[in-house]
Amino acid sequence: MIYNIPYIAVMLLILVGLYAVIAKRNIIKIIMGISIIESGVNLFLVALGYREGGLAPIFTNLPEKTQIPGQLVLPVPQALTLTSIVIGVAVLALMLALAVQIYKHYKTLDVRSVRRLKE
Amino acid sequence: MSFDVISHSPALLIAIPLFGAFFTPVISRLHAKVRDGFVIVVIALTEILAIFLAQDIYTNGIRKYVFGASLPSLTRPDTISIPVRIIFEVDGMSIFMVLISLTIALVAAIYSTSFFKKEDGLDRYYTLLLLLTVGMLGMELTGDLFNFFVFLEITSISSTALIAFWIDRGESLEAALKYIIISSLGALFVLMAIGFLYGQYDALNIAALANSIQFTFIDKIALVLLLAALAMKAGIAPMHMWLPDAYGEAPPSVTIAIVAATQASLYAVLRICFTLYGSVIGMSTIGWLLIGLGLLTIFVGVTMALIQKSLTRTIAYAAVGEIGYMIIGVGTALAASTETFASVALKGGIFHIFNDILDIGLLFLVAGAVIYATNERSLENLGGLARRMKYTTIFFLIGLLAVAGMPPMNGFASKILIYESTYQLNPIISIIAILSSILLLAIFVKIFYSLFLGPELPNLKDVKEVPTGMLIAMSILAIVIIIIGLFPGYFIQNLVEPAATALSNPSNYINAILGGA
């Protein structure tokens, strides 16, 4: 049960994020929703990579008598998470920049008023 | 030769446009003309490299390129058994898509050189265009799922910025925001699915995953996430709503590049259905699902195109409909996996990827030319343009015949394969497909009439033909359309056939990684 808590948190984060993206009217809140989903997915990747009693595979920094590779964790999920965080920041910045521009044009961030495209 | 270009070309295909993108802002300090030439040369160089690589693949089979440990046994420290590496794997299908993307990128770059006159920020525009090309090529070349996710995000970030290029128009911003929200949501689902697969099989390589996949419950969840997210990015109905906005509001030179990016997502759908889940999937279930979605896509696209008032949005909805044709072709191939017409359907579907982008691309470029010359988007305020823009009129006529699948053009060559094979599976599918094609013809004939024929409008007295760069770009597409239409057999045999063979034999893809190395 205790090992499942991260996964339950992942599910909750994604559901909260999806709720924000689908139900909220404010563009900033929608962007926050995307960001929350992203945190959920990142947490999922990190939780996948967790091994109890595992050590980071930094070879110069291991304690004495470490069993290699028995005690080391494979760093791939962490590497994936780092990459995903970096990409997430870029996407977030781009979305917020668009929100700023939309506010300049429409003087509102309410998606119900930002709909010149609807025929 | 000491440095074998062909064996390094999968990496060079990414590296050349990527470095080109970073050098573009520097080079544009010299002169705008130098920059335009530089961008075209970079893309043309990449295309030449891709053609050489294609020839090599057609004769010598799948080519792979390994970043990192070149052999699986090269692990550091020696006791950890998993090599740290990323593999690019290029087979007939990948190189087919690479050639399409590069051709379109080249046309987009040539068109841009004379399409933008008054706008500033063009050095950033060309940088983003090259980055978009890098993203598409990466999605098509990579053999690694996480690497695929990275390139997917590169593609969506750069296309978002390009959609919002006309930043002074609120509509462009709206379309760009919609696009980035849809695509980042989709990309996160893809990442989630990658996590599911990695957690089970300890691998990110598509070939390694395909080899060990079991089709457990978790794999099914991953499949649903991947298919839903990528179908959303490929604009398959009912998840097509972002597509007409993005296509309609972006500058037309960007639009055709984004059509190519959309098809890179479609390629990923095919790669996942055929290669990753190829050995375990219940083919006919997914096949019928794709046929259903395809028919819905055609129906939605064509009926919505009927009621649009803006030129670019009409073409955008027609583009939605055209995606449906590819999907029913591929779906029929999956649903009838053992029948003989399955391979015909697959060839038709794959061939239509190429034909669609040429036809729809040409129509978008013509729409761009009309906007350039008249500064007008609504169909109601346009008319009688044939008097002033005779070349553009001819190009529109070619595009309209091709998109409706009329015999001398390329659209006919692939649509007849799709009609033929779907008829054998279920006649109703092909009837709907043919009817929709006729409707498309009706829509575009109507547009042709209201746009180019009829009396000259007073507000369009001083319209001039568009500059040479745009005419060259349009004529490249038009000539390719006619050549494919006249000699479809040659293209099917030399381009489409290897792609279809590559897709329908996933074991080759797997063995290229796990067998030899």
# chains A, B, ... in the order shown; residues from 1 in each chain; ligands from 1
call {"tool": "interface_residues", "arguments": {"of": "chain A", "to": "chain B", "cutoff": "9 Å", "atoms": "only C-alpha atoms", "output": "MDAnalysis selection string"}}
result
chainID A and resid 21 30:31 34 37:38 41:42 44:45 48:49 68:69 74 76:77 80 83:84 87:88 90:91 94:95 98:99 101:102 105:106 114:117 119
call {"tool": "residues_around", "arguments": {"residues": "Ala20 of chain A", "least_positions_apart": "2", "cutoff": "12 Å", "atoms": "only C-alpha atoms", "output": "list in words"}}
result
Leu13, Ile14, Leu15, Val16, Gly17, Leu18, Ile22, Ala23, Lys24, Arg25, Asn26, Ile27, Ile28, Lys29, Ile30, Ile31, Met32, Gly33, Ile34, Ser35, Ile36 and Ile37 of chain A
call {"tool": "write_last_selection", "arguments": {"atoms": "C-alpha atoms", "output": "compact mmCIF listing (two decimals), in the first residue's frame"}}
result
# COMPACT_ATOMS: atom_id res chain seq x y z
CA LEU A 13 -2.59 15.31 -9.98
CA ILE A 14 -3.52 14.30 -13.52
CA LEU A 15 -7.24 14.34 -12.74
CA VAL A 16 -6.99 17.77 -11.10
CA GLY A 17 -5.03 19.06 -14.07
CA LEU A 18 -7.49 17.63 -16.58
CA ILE A 22 -11.52 21.13 -19.37
CA ALA A 23 -13.69 23.09 -16.95
CA LYS A 24 -11.87 26.35 -16.25
CA ARG A 25 -12.58 29.49 -18.27
CA ASN A 26 -9.47 31.50 -17.46
CA ILE A 27 -6.52 30.95 -19.78
CA ILE A 28 -4.02 31.19 -16.91
CA LYS A 29 -5.91 28.45 -15.04
CA ILE A 30 -5.91 26.24 -18.12
CA ILE A 31 -2.14 26.72 -18.39
CA MET A 32 -1.85 25.87 -14.69
CA GLY A 33 -3.81 22.70 -15.40
CA ILE A 34 -1.31 21.66 -18.08
CA SER A 35 1.49 22.37 -15.64
CA ILE A 36 -0.16 20.22 -12.95
CA ILE A 37 -0.58 17.31 -15.38
call {"tool": "residues_around", "arguments": {"residues": "Met304 of chain B", "least_positions_apart": "6", "cutoff": "10 Å", "atoms": "only C-alpha atoms", "output": "short mmCIF file (atom, residue, chain, number, x, y, z; two decimals) with N, CA and C atoms, in the first residue's frame"}}
result
data_model
loop_
_atom_site.label_atom_id
_atom_site.label_comp_id
_atom_site.auth_asym_id
_atom_site.auth_seq_id
_atom_site.Cartn_x
_atom_site.Cartn_y
_atom_site.Cartn_z
N PRO B 244 -8.28 23.11 -38.24
CA PRO B 244 -8.68 24.19 -39.15
C PRO B 244 -8.24 25.56 -38.65
N ILE B 298 -13.52 12.01 -42.74
CA ILE B 298 -13.88 12.46 -44.09
C ILE B 298 -15.20 13.24 -44.03
N ARG B 313 -9.78 28.54 -44.40
CA ARG B 313 -10.47 27.57 -43.55
C ARG B 313 -11.14 26.48 -44.37
N THR B 314 -11.63 26.84 -45.56
CA THR B 314 -12.22 25.81 -46.42
C THR B 314 -11.18 24.75 -46.77
N ALA B 316 -8.51 24.14 -45.13
CA ALA B 316 -8.12 23.43 -43.91
C ALA B 316 -9.09 22.29 -43.62
N TYR B 317 -10.40 22.52 -43.79
CA TYR B 317 -11.36 21.44 -43.55
C TYR B 317 -11.22 20.35 -44.62
N ALA B 318 -10.90 20.75 -45.85
CA ALA B 318 -10.64 19.74 -46.87
C ALA B 318 -9.44 18.89 -46.47
N VAL B 320 -8.61 18.17 -43.43
CA VAL B 320 -9.10 17.22 -42.43
C VAL B 320 -9.68 16.01 -43.14
N GLY B 321 -10.51 16.28 -44.18
CA GLY B 321 -11.14 15.18 -44.90
C GLY B 321 -10.11 14.26 -45.55
#
call {"tool": "select_by_dssp", "arguments": {"residues": "chain A", "states": "alpha helix (DSSP H)", "output": "PyMOL selection string"}}
result
chain A and resi 5-23+27-49+76-106
call {"tool": "residues_around", "arguments": {"residues": "segment 450-456 of chain B", "least_positions_apart": "4", "cutoff": "12 Å", "atoms": "only C-alpha atoms", "output": "ChimeraX atom specification"}}
result
/B:309-311,366-367,370-371,374,376-397,443-446,460-463
call {"tool": "write_last_selection", "arguments": {"atoms": "N, CA and C atoms", "output": "compact mmCIF listing (two decimals), in the first residue's frame"}}
result
# COMPACT_ATOMS: atom_id res chain seq x y z
N LYS B 309 -16.68 30.33 -44.95
CA LYS B 309 -16.68 31.55 -45.77
C LYS B 309 -15.26 32.03 -46.06
N SER B 310 -14.30 31.53 -45.29
CA SER B 310 -12.93 31.98 -45.51
C SER B 310 -12.19 30.95 -46.36
N LEU B 311 -11.34 31.44 -47.26
CA LEU B 311 -10.66 30.57 -48.21
C LEU B 311 -9.76 29.57 -47.49
N VAL B 366 -1.65 28.64 -53.02
CA VAL B 366 -2.46 29.53 -53.87
C VAL B 366 -3.27 30.48 -53.00
N ALA B 367 -3.84 29.95 -51.89
CA ALA B 367 -4.58 30.82 -50.97
C ALA B 367 -3.67 31.92 -50.45
N VAL B 370 -3.27 34.52 -53.05
CA VAL B 370 -4.45 35.39 -53.14
C VAL B 370 -4.43 36.40 -52.01
N ILE B 371 -4.09 35.93 -50.79
CA ILE B 371 -4.03 36.86 -49.66
C ILE B 371 -2.95 37.90 -49.89
N THR B 374 -4.25 40.39 -52.66
CA THR B 374 -5.46 41.17 -52.42
C THR B 374 -5.62 41.64 -50.99
N GLU B 376 -7.04 40.00 -48.67
CA GLU B 376 -8.46 39.74 -48.40
C GLU B 376 -8.60 38.24 -48.16
N ARG B 377 -9.38 37.85 -47.13
CA ARG B 377 -9.51 36.44 -46.79
C ARG B 377 -10.90 35.89 -47.05
N SER B 378 -11.90 36.74 -46.98
CA SER B 378 -13.27 36.25 -47.09
C SER B 378 -13.61 36.01 -48.56
N LEU B 379 -14.26 34.86 -48.83
CA LEU B 379 -14.59 34.52 -50.21
C LEU B 379 -15.57 35.53 -50.81
N GLU B 380 -16.36 36.19 -49.94
CA GLU B 380 -17.39 37.07 -50.47
C GLU B 380 -16.81 38.32 -51.13
N ASN B 381 -15.61 38.72 -50.70
CA ASN B 381 -15.04 39.95 -51.25
C ASN B 381 -14.07 39.70 -52.39
N LEU B 382 -14.02 38.47 -52.89
CA LEU B 382 -13.06 38.15 -53.93
C LEU B 382 -13.79 37.73 -55.20
N GLY B 383 -13.15 37.96 -56.34
CA GLY B 383 -13.76 37.52 -57.60
C GLY B 383 -12.99 38.04 -58.80
N GLY B 384 -13.12 37.33 -59.90
CA GLY B 384 -12.53 37.80 -61.15
C GLY B 384 -11.02 37.86 -61.16
N LEU B 385 -10.35 37.07 -60.30
CA LEU B 385 -8.90 37.20 -60.19
C LEU B 385 -8.16 36.60 -61.38
N ALA B 386 -8.85 35.77 -62.19
CA ALA B 386 -8.16 35.11 -63.30
C ALA B 386 -7.60 36.12 -64.29
N ARG B 387 -8.25 37.28 -64.39
CA ARG B 387 -7.75 38.32 -65.30
C ARG B 387 -6.38 38.81 -64.92
N ARG B 388 -6.14 38.89 -63.60
CA ARG B 388 -4.90 39.50 -63.11
C ARG B 388 -3.84 38.47 -62.77
N MET B 389 -4.26 37.28 -62.33
CA MET B 389 -3.30 36.31 -61.81
C MET B 389 -3.46 35.00 -62.59
N LYS B 390 -2.90 34.97 -63.81
CA LYS B 390 -3.22 33.80 -64.62
C LYS B 390 -2.48 32.55 -64.15
N TYR B 391 -1.20 32.68 -63.71
CA TYR B 391 -0.47 31.50 -63.26
C TYR B 391 -1.11 30.92 -62.01
N THR B 392 -1.45 31.82 -61.08
CA THR B 392 -2.07 31.34 -59.84
C THR B 392 -3.34 30.58 -60.14
N THR B 393 -4.11 31.09 -61.12
CA THR B 393 -5.35 30.41 -61.50
C THR B 393 -5.07 29.00 -61.98
N ILE B 394 -4.04 28.85 -62.81
CA ILE B 394 -3.71 27.52 -63.33
C ILE B 394 -3.31 26.59 -62.18
N PHE B 395 -2.51 27.14 -61.25
CA PHE B 395 -2.07 26.30 -60.13
C PHE B 395 -3.26 25.88 -59.29
N PHE B 396 -4.21 26.79 -59.08
CA PHE B 396 -5.39 26.42 -58.29
C PHE B 396 -6.17 25.33 -58.99
N LEU B 397 -6.28 25.44 -60.31
CA LEU B 397 -7.02 24.43 -61.08
C LEU B 397 -6.36 23.06 -60.92
N ILE B 443 -17.14 21.58 -53.91
CA ILE B 443 -16.75 22.71 -53.07
C ILE B 443 -15.70 23.56 -53.78
N PHE B 444 -14.68 22.87 -54.33
CA PHE B 444 -13.58 23.64 -54.90
C PHE B 444 -13.94 24.26 -56.25
N VAL B 445 -14.86 23.61 -56.99
CA VAL B 445 -15.31 24.25 -58.23
C VAL B 445 -16.05 25.55 -57.89
N LYS B 446 -16.86 25.47 -56.84
CA LYS B 446 -17.57 26.67 -56.40
C LYS B 446 -16.58 27.78 -56.03
N LEU B 460 -10.62 45.28 -56.56
CA LEU B 460 -9.47 44.45 -56.93
C LEU B 460 -8.88 44.91 -58.26
N LYS B 461 -9.02 46.21 -58.58
CA LYS B 461 -8.56 46.70 -59.88
C LYS B 461 -7.05 46.61 -60.05
N ASP B 462 -6.31 46.90 -58.97
CA ASP B 462 -4.86 46.99 -59.12
C ASP B 462 -4.14 45.79 -58.56
N VAL B 463 -4.79 44.60 -58.64
CA VAL B 463 -4.14 43.37 -58.19
C VAL B 463 -3.10 42.95 -59.22
call {"tool": "residues_around", "arguments": {"residues": "Ser265 of chain B", "least_positions_apart": "2", "cutoff": "6 Å", "atoms": "only C-alpha atoms", "output": "PyMOL selection string"}}
result
chain B and resi 230+234+262-263+267-268
call {"tool": "write_last_selection", "arguments": {"atoms": "N, CA and C atoms", "output": "PDB file, in the first residue's frame"}}
result
ATOM      1  N   LEU B 230      -1.600  10.764 -30.334  1.00  0.00           N
ATOM      2  CA  LEU B 230      -1.046  10.997 -31.663  1.00  0.00           C
ATOM      3  C   LEU B 230      -2.153  11.234 -32.681  1.00  0.00           C
ATOM      4  N   ALA B 234      -2.515  14.246 -35.123  1.00  0.00           N
ATOM      5  CA  ALA B 234      -2.647  14.038 -36.559  1.00  0.00           C
ATOM      6  C   ALA B 234      -3.959  14.614 -37.084  1.00  0.00           C
ATOM      7  N   THR B 262       1.988  17.338 -39.080  1.00  0.00           N
ATOM      8  CA  THR B 262       0.828  16.518 -38.752  1.00  0.00           C
ATOM      9  C   THR B 262       1.016  15.108 -39.274  1.00  0.00           C
ATOM     10  N   GLN B 263       1.591  15.024 -40.489  1.00  0.00           N
ATOM     11  CA  GLN B 263       1.763  13.706 -41.060  1.00  0.00           C
ATOM     12  C   GLN B 263       2.880  12.939 -40.388  1.00  0.00           C
ATOM     13  N   TYR B 267       2.584   9.270 -39.124  1.00  0.00           N
ATOM     14  CA  TYR B 267       3.615   8.239 -39.259  1.00  0.00           C
ATOM     15  C   TYR B 267       3.807   7.520 -37.930  1.00  0.00           C
ATOM     16  N   ALA B 268       3.791   8.296 -36.828  1.00  0.00           N
ATOM     17  CA  ALA B 268       3.984   7.670 -35.518  1.00  0.00           C
ATOM     18  C   ALA B 268       2.833   6.719 -35.205  1.00  0.00           C
TER      19      ALA B 268
END
call {"tool": "atom_distance", "arguments": {"atom1": "atom CA of Glu140 of chain B", "atom2": "atom CA of Gly411 of chain B"}}
result
23.6 Å
call {"tool": "atom_distance", "arguments": {"atom1": "atom CA of Gly287 of chain B", "atom2": "atom CA of Tyr423 of chain B"}}
result
15.0 Å
